[in-house]
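So this block is my_file_24.csv, CSV, C-alpha atoms and all ligand atoms:
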chain,number,residue,atom,x,y,z
A,1,MET,CA,-13.5,40.0,11.3
A,2,MET,CA,-15.3,41.9,8.5
A,3,LYS,CA,-16.7,40.0,5.5
A,4,VAL,CA,-15.4,41.1,2.2
A,5,THR,CA,-18.0,42.7,-0.1
A,6,GLU,CA,-17.8,44.5,-3.4
A,7,LYS,CA,-18.1,47.8,-1.4
A,8,ASN,CA,-15.0,47.4,0.8
A,9,ILE,CA,-12.8,46.1,-2.0
A,10,ALA,CA,-13.3,49.2,-4.1
A,11,ASN,CA,-10.2,50.2,-6.1
A,12,ARG,CA,-8.0,47.5,-4.5
A,13,GLU,CA,-4.6,46.7,-5.9
A,14,THR,CA,-3.2,43.2,-5.5
A,15,ASP,CA,-0.4,41.0,-6.8
A,16,PHE,CA,-2.6,38.1,-7.8
A,17,LEU,CA,-6.3,37.6,-8.5
A,18,ILE,CA,-7.2,33.9,-8.4
A,19,VAL,CA,-10.5,32.9,-10.0
A,20,GLY,CA,-12.0,29.7,-8.5
A,21,GLN,CA,-11.6,28.3,-5.0
A,22,GLY,CA,-11.7,24.5,-5.6
A,23,LEU,CA,-8.7,22.4,-4.8
A,24,ALA,CA,-6.5,24.2,-7.5
A,25,GLY,CA,-7.3,27.7,-6.4
A,26,THR,CA,-7.0,26.8,-2.7
A,27,MET,CA,-3.5,25.2,-3.1
A,28,LEU,CA,-2.2,28.1,-5.3
A,29,ALA,CA,-3.5,30.7,-2.8
A,30,PHE,CA,-1.9,28.8,0.1
A,31,GLU,CA,1.5,28.8,-1.7
A,32,LEU,CA,1.2,32.5,-2.3
A,33,HIS,CA,0.2,33.1,1.3
A,34,ARG,CA,3.3,31.1,2.4
A,35,ARG,CA,5.4,33.5,0.3
A,36,GLY,CA,3.9,36.6,1.9
A,37,LYS,CA,2.2,37.7,-1.4
A,38,ASN,CA,-0.8,39.8,-1.8
A,39,PHE,CA,-3.7,38.1,-3.4
A,40,VAL,CA,-7.5,38.0,-3.7
A,41,VAL,CA,-9.6,34.9,-4.5
A,42,VAL,CA,-12.9,35.2,-6.3
A,43,ASP,CA,-15.3,32.2,-6.4
A,44,SER,CA,-18.7,31.7,-8.0
A,45,PRO,CA,-21.6,31.9,-5.5
A,46,SER,CA,-23.1,28.9,-7.2
A,47,GLY,CA,-21.0,26.7,-4.8
A,48,GLU,CA,-20.6,24.0,-7.4
A,49,LYS,CA,-17.2,22.4,-7.4
A,50,VAL,CA,-16.0,18.9,-8.0
A,51,SER,CA,-13.6,19.2,-5.1
A,52,ARG,CA,-16.6,18.6,-2.9
A,53,VAL,CA,-17.4,15.4,-4.6
A,54,ALA,CA,-13.9,13.8,-4.6
A,55,ALA,CA,-13.2,11.1,-2.1
A,56,GLY,CA,-9.7,12.6,-1.7
A,57,ILE,CA,-7.9,9.2,-2.2
A,58,ILE,CA,-4.2,9.4,-2.8
A,59,ASN,CA,-3.1,6.1,-4.2
A,60,PRO,CA,0.6,5.8,-5.3
A,61,VAL,CA,0.0,2.8,-7.5
A,62,VAL,CA,-1.7,2.2,-10.8
A,63,PHE,CA,-3.4,-1.2,-10.2
A,64,ARG,CA,-4.0,-2.2,-13.8
A,65,ARG,CA,-0.3,-2.4,-14.7
A,66,LEU,CA,1.0,-2.4,-11.1
A,67,THR,CA,3.3,0.6,-11.8
A,68,LYS,CA,4.0,3.7,-9.8
A,69,SER,CA,1.6,6.6,-10.3
A,70,TRP,CA,3.2,9.4,-12.4
A,71,LEU,CA,5.9,11.3,-10.5
A,72,VAL,CA,4.8,9.8,-7.2
A,73,ASP,CA,8.3,9.8,-5.6
A,74,ASP,CA,8.4,13.6,-6.1
A,75,LEU,CA,4.8,14.3,-5.3
A,76,PHE,CA,4.6,12.4,-1.9
A,77,PRO,CA,7.1,14.5,0.1
A,78,VAL,CA,5.5,17.8,-1.2
A,79,LEU,CA,2.0,16.7,-0.5
A,80,LYS,CA,2.8,15.5,3.0
A,81,ASP,CA,4.5,18.8,3.8
A,82,THR,CA,1.7,20.9,2.2
A,83,TYR,CA,-1.3,19.2,3.9
A,84,HIS,CA,0.5,19.3,7.3
A,85,GLU,CA,1.3,23.0,6.9
A,86,LEU,CA,-2.3,23.6,6.0
A,87,GLU,CA,-3.4,21.6,9.1
A,88,LYS,CA,-1.4,23.9,11.2
A,89,LEU,CA,-2.7,27.0,9.6
A,90,LEU,CA,-6.4,25.9,9.6
A,91,SER,CA,-6.3,23.9,12.9
A,92,CYS,CA,-7.9,20.8,11.5
A,93,HIS,CA,-7.0,17.2,10.4
A,94,LEU,CA,-6.8,17.0,6.6
A,95,LEU,CA,-4.4,14.2,5.7
A,96,HIS,CA,-5.4,10.7,6.9
A,97,THR,CA,-3.2,7.7,6.4
A,98,LEU,CA,-4.9,5.0,4.4
A,99,LYS,CA,-4.3,1.3,3.6
A,100,ILE,CA,-5.7,-0.2,0.5
A,101,ASN,CA,-6.5,-3.9,0.0
A,102,LYS,CA,-6.5,-4.7,-3.7
A,103,ILE,CA,-8.7,-7.8,-4.2
A,104,LEU,CA,-6.7,-10.2,-6.4
A,105,GLY,CA,-8.0,-12.4,-9.2
A,106,LYS,CA,-7.1,-16.1,-9.7
A,107,GLU,CA,-3.7,-15.6,-11.3
A,108,GLU,CA,-2.8,-12.2,-9.9
A,109,GLY,CA,-0.7,-13.2,-6.9
A,110,SER,CA,2.4,-14.0,-8.8
A,111,PHE,CA,1.9,-10.9,-11.0
A,112,TRP,CA,1.7,-8.8,-7.8
A,113,ARG,CA,5.0,-10.4,-6.4
A,114,THR,CA,6.9,-9.9,-9.7
A,115,LYS,CA,5.8,-6.4,-10.5
A,116,THR,CA,6.4,-5.1,-6.9
A,117,VAL,CA,10.1,-5.8,-7.4
A,118,GLU,CA,10.3,-5.0,-11.1
A,119,ASN,CA,8.6,-1.6,-10.8
A,120,LYS,CA,10.3,-0.7,-7.5
A,121,LEU,CA,7.1,-0.4,-5.5
A,122,GLU,CA,8.5,-1.7,-2.1
A,123,ALA,CA,8.1,1.8,-0.5
A,124,TYR,CA,4.4,1.7,-1.2
A,125,ILE,CA,3.1,-2.0,-1.2
A,126,HIS,CA,3.9,-5.3,0.5
A,127,THR,CA,5.5,-7.7,-2.0
A,128,GLU,CA,3.8,-10.7,-0.6
A,129,PRO,CA,0.0,-10.9,-1.1
A,130,ASN,CA,-2.2,-11.9,1.8
A,131,THR,CA,-3.9,-15.1,0.6
A,132,TYR,CA,-5.7,-15.7,3.8
A,133,PHE,CA,-7.7,-12.4,3.8
A,134,SER,CA,-11.0,-12.9,5.6
A,135,LYS,CA,-13.3,-10.1,6.5
A,136,ASN,CA,-17.0,-10.3,7.2
A,137,GLY,CA,-18.9,-9.2,4.1
A,138,ILE,CA,-16.0,-9.1,1.6
A,139,VAL,CA,-15.5,-11.7,-1.2
A,140,ALA,CA,-11.8,-12.2,-1.8
A,141,PRO,CA,-11.1,-16.0,-2.5
A,142,TYR,CA,-7.6,-15.3,-3.9
A,143,GLY,CA,-6.6,-12.9,-1.2
A,144,VAL,CA,-5.5,-9.2,-1.4
A,145,GLY,CA,-2.4,-7.2,-2.2
A,146,LYS,CA,-1.8,-4.4,0.3
A,147,VAL,CA,-0.8,-0.8,-0.3
A,148,PHE,CA,0.5,0.5,3.0
A,149,ASN,CA,1.6,4.0,2.0
A,150,ALA,CA,-1.5,5.8,0.8
A,151,PHE,CA,-3.6,8.8,2.1
A,152,ARG,CA,-7.0,10.3,2.1
A,153,ALA,CA,-7.2,14.1,2.0
A,154,ASP,CA,-10.4,15.7,3.4
A,155,LEU,CA,-11.0,18.1,0.5
A,156,PRO,CA,-14.4,19.5,1.6
A,157,MET,CA,-12.9,20.4,5.0
A,158,LEU,CA,-9.9,22.0,3.3
A,159,ILE,CA,-12.1,24.1,1.0
A,160,ASP,CA,-14.4,25.2,3.9
A,161,ARG,CA,-11.6,26.0,6.4
A,162,PHE,CA,-9.5,27.8,3.8
A,163,ARG,CA,-12.6,29.8,2.8
A,164,GLU,CA,-13.0,30.9,6.4
A,165,PHE,CA,-9.3,31.9,6.5
A,166,LEU,CA,-9.6,33.9,3.3
A,167,ILE,CA,-12.6,35.8,4.6
A,168,GLN,CA,-10.8,36.5,7.9
A,169,GLU,CA,-7.8,37.8,5.9
A,170,ASP,CA,-10.1,40.0,3.8
A,171,ARG,CA,-9.1,38.1,0.7
A,172,PHE,CA,-12.3,36.5,-0.6
A,173,ILE,CA,-15.0,37.7,-3.0
A,174,GLY,CA,-18.1,35.6,-3.7
A,175,LYS,CA,-18.8,36.6,-7.3
A,176,GLU,CA,-18.9,35.1,-10.8
A,177,VAL,CA,-16.1,36.4,-13.0
A,178,ASP,CA,-17.2,37.2,-16.6
A,179,THR,CA,-14.1,37.1,-18.8
A,180,LYS,CA,-15.6,40.1,-20.7
A,181,ASP,CA,-14.8,42.2,-17.6
A,182,VAL,CA,-11.1,41.2,-17.6
A,183,ILE,CA,-9.0,43.9,-19.2
A,184,THR,CA,-5.2,43.8,-19.6
A,185,GLU,CA,-3.3,47.0,-20.1
A,186,ASN,CA,0.1,48.3,-19.1
A,187,GLU,CA,1.3,44.9,-17.9
A,188,LYS,CA,-1.6,44.8,-15.4
A,189,VAL,CA,-5.0,43.2,-15.3
A,190,GLN,CA,-8.2,44.9,-14.3
A,191,TRP,CA,-11.3,43.1,-13.1
A,192,LYS,CA,-14.1,45.4,-11.9
A,193,ASN,CA,-12.5,47.4,-9.1
A,194,ILE,CA,-9.4,45.2,-8.7
A,195,ALA,CA,-6.1,45.9,-10.3
A,196,ALA,CA,-3.7,42.9,-10.2
A,197,GLN,CA,-0.3,42.0,-11.6
A,198,LYS,CA,-1.7,38.7,-12.8
A,199,ILE,CA,-5.1,36.9,-12.9
A,200,ILE,CA,-4.9,33.1,-12.6
A,201,PHE,CA,-7.9,31.0,-13.6
A,202,CYS,CA,-8.5,27.9,-11.5
A,203,GLN,CA,-11.9,27.2,-12.8
A,204,GLY,CA,-12.2,23.4,-12.9
A,205,PHE,CA,-14.1,22.0,-15.9
A,206,ARG,CA,-15.6,25.5,-16.7
A,207,ALA,CA,-12.2,26.5,-18.1
A,208,SER,CA,-13.5,25.0,-21.4
A,209,ASP,CA,-15.5,28.2,-21.9
A,210,ASN,CA,-12.6,30.6,-21.1
A,211,PRO,CA,-11.8,32.4,-24.3
A,212,PHE,CA,-8.2,33.1,-23.2
A,213,PHE,CA,-7.3,29.4,-23.3
A,214,GLN,CA,-9.1,28.0,-26.3
A,215,PRO,CA,-6.1,26.0,-27.7
A,216,VAL,CA,-6.1,23.8,-24.5
A,217,LYS,CA,-7.6,20.4,-25.4
A,218,PHE,CA,-9.9,19.5,-22.6
A,219,LYS,CA,-11.5,16.1,-22.4
A,220,HIS,CA,-13.4,16.2,-19.1
A,221,THR,CA,-14.8,13.1,-17.4
A,222,LYS,CA,-18.0,13.0,-15.3
A,223,GLY,CA,-17.8,10.8,-12.2
A,224,GLN,CA,-20.2,9.6,-9.5
A,225,VAL,CA,-19.8,8.2,-6.0
A,226,LEU,CA,-22.3,6.7,-3.5
A,227,ASP,CA,-22.6,7.2,0.2
A,228,LEU,CA,-23.6,4.0,1.9
A,229,ASN,CA,-24.6,2.6,5.2
A,230,ILE,CA,-23.4,-1.0,5.7
A,231,PRO,CA,-23.8,-2.1,9.3
A,232,ASP,CA,-22.3,-5.6,8.9
A,233,LEU,CA,-19.2,-4.7,6.9
A,234,GLU,CA,-16.2,-5.3,9.1
A,235,ILE,CA,-13.4,-3.5,7.1
A,236,THR,CA,-11.3,-0.6,8.4
A,237,ASN,CA,-9.1,-0.3,5.3
A,238,MET,CA,-10.2,0.6,1.8
A,239,VAL,CA,-10.9,-2.3,-0.6
A,240,ASN,CA,-10.5,-2.0,-4.4
A,241,LYS,CA,-11.5,-4.2,-7.3
A,242,GLY,CA,-12.4,-2.1,-10.3
A,243,MET,CA,-13.9,0.3,-7.9
A,244,PHE,CA,-13.2,1.4,-4.3
A,245,VAL,CA,-15.2,0.9,-1.0
A,246,LEU,CA,-13.8,3.4,1.5
A,247,PRO,CA,-14.7,3.1,5.2
A,248,LEU,CA,-15.5,6.4,6.9
A,249,GLY,CA,-16.5,5.1,10.4
A,250,GLU,CA,-19.8,4.5,12.1
A,251,ASN,CA,-21.0,2.1,9.4
A,252,ARG,CA,-20.6,4.8,6.8
A,253,PHE,CA,-18.8,4.0,3.5
A,254,ARG,CA,-18.1,5.7,0.1
A,255,ALA,CA,-18.0,3.7,-3.1
A,256,GLY,CA,-16.8,4.9,-6.5
A,257,ALA,CA,-16.2,6.0,-9.0
A,258,THR,CA,-17.6,6.0,-12.5
A,259,TYR,CA,-16.0,7.6,-15.6
A,260,ARG,CA,-18.1,9.1,-18.5
A,261,TRP,CA,-16.7,11.1,-21.4
A,262,GLU,CA,-20.2,12.0,-22.7
A,263,PHE,CA,-22.5,13.8,-20.4
A,264,GLN,CA,-25.3,16.4,-20.3
A,265,ASP,CA,-25.1,17.7,-16.7
A,266,THR,CA,-23.3,17.4,-13.4
A,267,ASN,CA,-26.1,15.5,-11.6
A,268,PRO,CA,-26.0,11.9,-10.3
A,269,ASP,CA,-27.8,9.5,-12.6
A,270,ASP,CA,-29.4,6.1,-12.5
A,271,GLU,CA,-27.0,4.5,-15.0
A,272,ALA,CA,-23.9,5.4,-12.8
A,273,THR,CA,-25.7,4.2,-9.7
A,274,ALA,CA,-26.5,0.9,-11.4
A,275,GLU,CA,-22.9,0.5,-12.5
A,276,LEU,CA,-21.6,1.1,-9.0
A,277,THR,CA,-24.0,-1.1,-7.2
A,278,GLY,CA,-23.5,-3.9,-9.8
A,279,LYS,CA,-19.7,-3.8,-9.2
A,280,MET,CA,-20.0,-3.5,-5.5
A,281,GLU,CA,-22.4,-6.5,-5.1
A,282,LYS,CA,-19.6,-8.7,-6.6
A,283,ILE,CA,-17.3,-7.9,-3.7
A,284,VAL,CA,-19.6,-6.9,-0.8
A,285,LYS,CA,-22.0,-9.6,0.3
A,286,VAL,CA,-23.9,-8.0,3.1
A,287,PRO,CA,-27.0,-5.7,3.0
A,288,TYR,CA,-26.4,-2.0,2.4
A,289,SER,CA,-28.5,1.2,1.9
A,290,ILE,CA,-27.6,4.2,-0.3
A,291,THR,CA,-27.7,7.4,1.8
A,292,GLY,CA,-26.4,9.8,-0.9
A,293,LYS,CA,-25.2,10.2,-4.5
A,294,ARG,CA,-22.8,12.8,-5.7
A,295,ALA,CA,-21.5,13.5,-9.1
A,296,GLY,CA,-19.1,16.1,-10.7
A,297,ILE,CA,-16.9,16.8,-13.7
A,298,ARG,CA,-13.2,16.1,-13.4
A,299,PRO,CA,-11.3,18.8,-15.2
A,300,THR,CA,-9.2,16.7,-17.6
A,301,THR,CA,-6.9,17.4,-20.5
A,302,HIS,CA,-6.4,15.3,-23.7
A,303,ASP,CA,-3.1,13.9,-22.4
A,304,ARG,CA,-4.4,13.6,-18.8
A,305,ARG,CA,-1.7,15.9,-17.5
A,306,PRO,CA,-2.4,19.2,-15.6
A,307,VAL,CA,-2.2,22.4,-17.4
A,308,VAL,CA,-0.1,25.1,-15.7
A,309,GLY,CA,1.4,28.4,-16.8
A,310,LEU,CA,1.1,31.9,-18.1
A,311,HIS,CA,-0.4,32.8,-21.5
A,312,PRO,CA,2.4,33.1,-24.1
A,313,ASP,CA,1.1,36.4,-25.6
A,314,THR,CA,-0.6,37.9,-22.5
A,315,PRO,CA,1.5,36.8,-19.5
A,316,GLU,CA,-0.8,38.8,-17.1
A,317,ILE,CA,-3.2,35.8,-17.5
A,318,GLY,CA,-2.5,32.3,-16.2
A,319,ILE,CA,-4.1,28.9,-15.7
A,320,PHE,CA,-3.9,26.1,-13.1
A,321,ASN,CA,-6.1,23.2,-14.2
A,322,GLY,CA,-6.4,19.7,-15.5
A,323,LEU,CA,-6.1,17.9,-12.1
A,324,GLY,CA,-8.2,15.1,-13.5
A,325,SER,CA,-8.8,12.1,-11.2
A,326,LYS,CA,-5.7,12.8,-9.0
A,327,GLY,CA,-6.1,16.3,-7.8
A,328,ALA,CA,-5.4,15.5,-4.2
A,329,MET,CA,-2.0,14.1,-5.1
A,330,LEU,CA,-1.0,16.5,-7.9
A,331,ALA,CA,-2.3,19.9,-6.7
A,332,PRO,CA,0.3,20.5,-3.9
A,333,PHE,CA,3.3,19.9,-6.1
A,334,PHE,CA,2.2,21.9,-9.1
A,335,ALA,CA,0.7,24.7,-7.0
A,336,ARG,CA,4.2,25.0,-5.5
A,337,GLU,CA,5.9,24.9,-8.8
A,338,PHE,CA,3.6,27.6,-10.3
A,339,ALA,CA,3.9,29.8,-7.2
A,340,ARG,CA,7.7,29.7,-7.6
A,341,LEU,CA,7.4,30.8,-11.2
A,342,LEU,CA,4.9,33.6,-10.3
A,343,CYS,CA,7.1,34.8,-7.5
A,344,GLY,CA,10.3,34.8,-9.7
A,345,GLU,CA,11.9,32.0,-7.7
A,346,SER,CA,12.1,29.8,-10.8
A,347,ASP,CA,11.6,30.2,-14.5
A,348,THR,CA,10.5,26.7,-15.4
A,349,ILE,CA,7.3,24.6,-15.4
A,350,HIS,CA,7.5,20.8,-15.8
A,351,PRO,CA,7.3,20.3,-19.6
A,352,GLU,CA,4.5,17.7,-19.4
A,353,VAL,CA,2.2,20.1,-17.6
A,354,ASN,CA,3.3,23.4,-19.3
A,355,LEU,CA,0.5,25.4,-20.9
A,356,LEU,CA,2.9,26.2,-23.7
A,357,ARG,CA,2.5,22.6,-25.1
A,358,TYR,CA,-0.8,23.8,-26.5
A,359,TYR,CA,0.8,26.8,-28.3
A,360,GLY,CA,3.5,24.9,-30.1
A,361,LYS,CA,6.1,26.3,-27.8
A,362,LYS,CA,8.1,24.6,-25.0
A,401,LIG,C1,-16.6,11.1,-8.5
A,401,LIG,C2,-15.3,11.8,-8.4
A,401,LIG,C3,-14.4,11.2,-7.4
A,401,LIG,C4,-13.1,11.8,-7.3
A,401,LIG,N1,-12.3,11.2,-6.4
A,401,LIG,C5,-11.0,11.7,-6.3
A,401,LIG,C6,-10.1,11.1,-5.4
A,401,LIG,O1,-10.5,10.2,-4.6
A,401,LIG,N2,-8.9,11.6,-5.3
A,401,LIG,C7,-8.5,12.7,-6.1
A,401,LIG,O2,-7.3,13.1,-6.0
A,401,LIG,N3,-9.3,13.3,-6.9
A,401,LIG,C8,-10.6,12.8,-7.1
A,401,LIG,N4,-11.4,13.4,-7.9
A,401,LIG,C9,-10.9,14.5,-8.8
A,401,LIG,C10,-10.9,15.9,-8.0
A,401,LIG,O3,-12.2,16.2,-7.7
A,401,LIG,C11,-10.3,17.0,-9.0
A,401,LIG,O4,-9.0,16.6,-9.4
A,401,LIG,C12,-10.2,18.3,-8.2
A,401,LIG,O5,-11.2,18.5,-7.3
A,401,LIG,C13,-10.3,19.5,-9.2
A,401,LIG,O6,-10.3,20.7,-8.5
A,401,LIG,P1,-10.4,22.1,-9.3
A,401,LIG,O7,-10.1,23.2,-8.3
A,401,LIG,O8,-9.7,22.1,-10.6
A,401,LIG,O9,-12.0,22.2,-9.7
A,401,LIG,P2,-13.3,22.6,-8.8
A,401,LIG,O10,-13.3,22.0,-7.5
A,401,LIG,O11,-14.5,22.4,-9.7
A,401,LIG,O12,-13.1,24.2,-8.6
A,401,LIG,C14,-13.3,25.1,-9.6
A,401,LIG,C15,-13.9,26.4,-8.9
A,401,LIG,O13,-13.9,27.5,-9.9
A,401,LIG,C16,-15.1,28.2,-9.8
A,401,LIG,N5,-15.3,28.9,-11.0
A,401,LIG,C17,-15.3,28.5,-12.3
A,401,LIG,N6,-15.6,29.5,-13.1
A,401,LIG,C18,-15.7,30.6,-12.4
A,401,LIG,C19,-15.9,32.0,-12.7
A,401,LIG,N7,-16.1,32.4,-14.0
A,401,LIG,N8,-16.0,32.9,-11.7
A,401,LIG,C20,-15.8,32.5,-10.4
A,401,LIG,N9,-15.6,31.2,-10.0
A,401,LIG,C21,-15.5,30.3,-11.0
A,401,LIG,C22,-16.1,27.1,-9.5
A,401,LIG,O14,-17.3,27.6,-9.0
A,401,LIG,C23,-15.4,26.2,-8.5
A,401,LIG,O15,-15.6,26.7,-7.2
A,401,LIG,C24,-12.7,12.9,-8.1
A,401,LIG,C25,-13.7,13.5,-9.0
A,401,LIG,C26,-14.9,12.9,-9.1
A,401,LIG,C27,-15.9,13.5,-10.1
So, in terms of structure tokens, how does the structure I just supplied come out?
Ligand SMILES: Cc1cc2nc3c(=O)[nH]c(=O)nc-3n(C[C@H](O)[C@H](O)[C@H](O)COP(=O)(O)OP(=O)(O)OC[C@H]3O[C@@H](n4cnc5c(N)ncnc54)[C@H](O)[C@@H]3O)c2cc1C
Amino acid sequence: MMKVTEKNIANRETDFLIVGQGLAGTMLAFELHRRGKNFVVVDSPSGEKVSRVAAGIINPVVFRRLTKSWLVDDLFPVLKDTYHELEKLLSCHLLHTLKINKILGKEEGSFWRTKTVENKLEAYIHTEPNTYFSKNGIVAPYGVGKVFNAFRADLPMLIDRFREFLIQEDRFIGKEVDTKDVITENEKVQWKNIAAQKIIFCQGFRASDNPFFQPVKFKHTKGQVLDLNIPDLEITNMVNKGMFVLPLGENRFRAGATYRWEFQDTNPDDEATAELTGKMEKIVKVPYSITGKRAGIRPTTHDRRPVVGLHPDTPEIGIFNGLGSKGAMLAPFFAREFARLLCGESDTIHPEVNLLRYYGKK
């Protein structure tokens, strides 16, 4: 197949131009593909995207309060269907089942039992904690509570394989989009040689600089994870206690994650490394070595809900963003909802994620 270049996309007409091929852009493009729509994806050649940093953990439970994660009963069926359809399209394994052992504190066992029932969590976690949990290398004197219905999505593989698919389909352009080159007229949008019905920005944290969406209140968070080698750690399920340690096979583990609201850049830093190793050494009591450090900026809004929709005054321009720390779980559902709107199958967007909340309209 021929690679797409500026030359061979000259004067192209399309239904949708998607800017950004992280998780948001990938999921939206997939939903448009499923609907047989014509689209082109443009992604910056810099290659920087937080979707490559993410561990891809899909946890249905908020441990602090032991409640369901927001909308989880609606999100789970859609995400399972979407990742499985993507696996068929891309011939790879993307969605892995995951069990999470939450290490309990002294008084937490009875809290776990009560809240499981009170908050109707039985479809996701075992009511009864395991007070005899014993694994070489893990400190859990009061046992663990088990989440049995969780997942890990392989986001780097999804991005890479979907990129190959886009290139084969002649739908990919590796360019930086300067919003000064985006012109709307006659209910169409023009970017360089491409005329589209709509342009949808899926830019991750860089949406803050987008002049079309200045009223959106972003409050991004920087995060870091560590790649580790721990030969004597026996676990095959993820453990969590204020942080996660995720087994990846062959003595490889990932540990994370930090949250910072003030930051200067997207690089890993010593402070975050120290925070993670400090927390980890309270639960992992065997020697380890750090084999890698990754950091990125989670695109987050002021109310920690995604932001989805078309501009109220210029409906040729839209946004799909604000996936925060739960992109792997949220993106399939809201990409589908947005694609339905874009394709005229529906005229609503969930009010809590609707872009119009920032424009005083609902
Ligand atoms: C340490 C850490 C751990 C995480 N772990 C998890 C986890 O376990 N589970 C989970 O669900 N989520 C996790 N996340 C969050 C997850 O990474 C995000 O929710 C998700 O990846 C956001 O995807 P995105 O597509 O919005 O952004 P990105 O992946 O950043 O993609 C945006 C894309 O737009 C491109 N772009 C921007 N501007 C332009 C332009 N002008 N022209 C062309 N291209 C442009 C960028 O180059 C990039 O490719 C984690 C995040 C961090 C930092």
Do you have the atom C18 of ligand LIG 401 (chain A)-CA of Gln203 (chain A) distance handy?
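Computed distance, atom C18 of ligand LIG 401 (chain A) to CA of Gln203 (chain A), equals 5.1 Å.
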Where does chain A meet ligand LIG 401 (chain A) within 6 Å, residue by residue, with the nearest atom pair and distance in Å to one decimal for each, counting only C-alpha atoms and all ligand atoms, listed by chain and rising number, as a Markdown table?
| residue | atom | partner | partner_atom | distance |
| --- | --- | --- | --- | --- |
| A:Val19 | CA | A:LIG401 | C20 | 5.3 |
| A:Gly20 | CA | A:LIG401 | O13 | 3.2 |
| A:Gln21 | CA | A:LIG401 | O15 | 4.8 |
| A:Gly22 | CA | A:LIG401 | O12 | 3.3 |
| A:Leu23 | CA | A:LIG401 | O7 | 3.9 |
| A:Ala24 | CA | A:LIG401 | O7 | 3.8 |
| A:Gly25 | CA | A:LIG401 | O7 | 5.6 |
| A:Val42 | CA | A:LIG401 | C20 | 5.7 |
| A:Asp43 | CA | A:LIG401 | N9 | 3.7 |
| A:Ser44 | CA | A:LIG401 | N9 | 3.7 |
| A:Gly47 | CA | A:LIG401 | O14 | 5.7 |
| A:Glu48 | CA | A:LIG401 | O14 | 5.1 |
| A:Lys49 | CA | A:LIG401 | O11 | 3.5 |
| A:Val50 | CA | A:LIG401 | O10 | 4.1 |
| A:Ser51 | CA | A:LIG401 | O5 | 3.3 |
| A:Val53 | CA | A:LIG401 | C2 | 5.6 |
| A:Ala54 | CA | A:LIG401 | C4 | 3.5 |
| A:Ala55 | CA | A:LIG401 | O1 | 3.8 |
| A:Gly56 | CA | A:LIG401 | N2 | 3.8 |
| A:Ile57 | CA | A:LIG401 | O1 | 3.7 |
| A:Ile58 | CA | A:LIG401 | N2 | 5.8 |
| A:Lys175 | CA | A:LIG401 | C20 | 6.0 |
| A:Glu176 | CA | A:LIG401 | N8 | 3.7 |
| A:Val177 | CA | A:LIG401 | N8 | 3.7 |
| A:Asp178 | CA | A:LIG401 | N7 | 5.6 |
| A:Cys202 | CA | A:LIG401 | O13 | 5.6 |
| A:Gln203 | CA | A:LIG401 | O13 | 3.5 |
| A:Gly204 | CA | A:LIG401 | O9 | 3.4 |
| A:Arg206 | CA | A:LIG401 | C17 | 5.3 |
| A:Lys222 | CA | A:LIG401 | C27 | 5.6 |
| A:Gly223 | CA | A:LIG401 | C1 | 3.9 |
| A:Gln224 | CA | A:LIG401 | C1 | 4.0 |
| A:Val225 | CA | A:LIG401 | C1 | 5.0 |
| A:Ala257 | CA | A:LIG401 | C1 | 5.1 |
| A:Ala295 | CA | A:LIG401 | C1 | 5.5 |
| A:Gly296 | CA | A:LIG401 | C27 | 4.2 |
| A:Ile297 | CA | A:LIG401 | C27 | 5.0 |
| A:Arg298 | CA | A:LIG401 | C27 | 5.0 |
| A:Pro299 | CA | A:LIG401 | O8 | 5.9 |
| A:Asn321 | CA | A:LIG401 | O8 | 5.2 |
| A:Leu323 | CA | A:LIG401 | O4 | 4.2 |
| A:Gly324 | CA | A:LIG401 | O4 | 4.4 |
| A:Ser325 | CA | A:LIG401 | C9 | 4.0 |
| A:Lys326 | CA | A:LIG401 | O2 | 3.4 |
| A:Gly327 | CA | A:LIG401 | O4 | 3.3 |
| A:Ala328 | CA | A:LIG401 | O2 | 3.6 |
| A:Met329 | CA | A:LIG401 | O2 | 5.5 |
Sphere at (-5.0, -12.8, 1.4), radius 9 Å, counting only C-alpha atoms: residues as a ChimeraX atom specification
/A:103-104,129-134,140-145
Tell me, in Å to one decimal, how far CA of Lys102 (chain A) is from CA of Leu246 (chain A).
12.1 Å
I'd like the contact shell of Leu226 (chain A) - 6 Å cut-off, only C-alpha atoms, skipping same-chain residues fewer than 3 positions apart - returned as a list in words.
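Skipping anything fewer than 3 positions along the chain leaves Arg254, Ala255, Gly292 and Lys293 of chain A.
Coordinates place CA of Phe205 (chain A) at a distance of 8.3 Å from CA of Phe218 (chain A).
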Under the rule that all atoms listed in the file are counted, which of A:Lys219, A:Leu98, A:Asp232, A:Thr291 is the nearest residue to Arg260 (chain A)?
A:Lys219
Show me a table, sorted first by chain and then by increasing residue number, of the residues of region 132-240 of chain A having an atom at most 10 Å from region 80-88 of chain A, each with its shortest atom pair and the distance in Å to one decimal, counting all atoms listed in the file and written as CSV.
residue,atom,partner,partner_atom,distance
A:Phe151,CA,A:Lys80,CA,9.3
A:Ala153,CA,A:Tyr83,CA,8.0
A:Asp154,CA,A:Tyr83,CA,9.8
A:Leu158,CA,A:Leu86,CA,8.2
A:Arg161,CA,A:Leu86,CA,9.6
A:Phe162,CA,A:Leu86,CA,8.6
With only C-alpha atoms as the atoms that count, which of A:His350, A:Ala123, A:Arg294, A:Phe39 lies nearest to Arg336 (chain A)?
A:His350
Measuring atom to atom with all atoms listed in the file, identify which of A:His33, A:Val72, A:Ser289, A:Pro45 is nearest to Leu330 (chain A).
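Among the listed residues, the smallest separation from Leu330 (chain A) belongs to A:Val72.
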For Phe338 (chain A), which residue among A:Arg163, A:Tyr124, A:Leu28, A:Gln197 is the nearest when counting only C-alpha atoms?
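Selected residue with least distance to Phe338 (chain A): A:Leu28.
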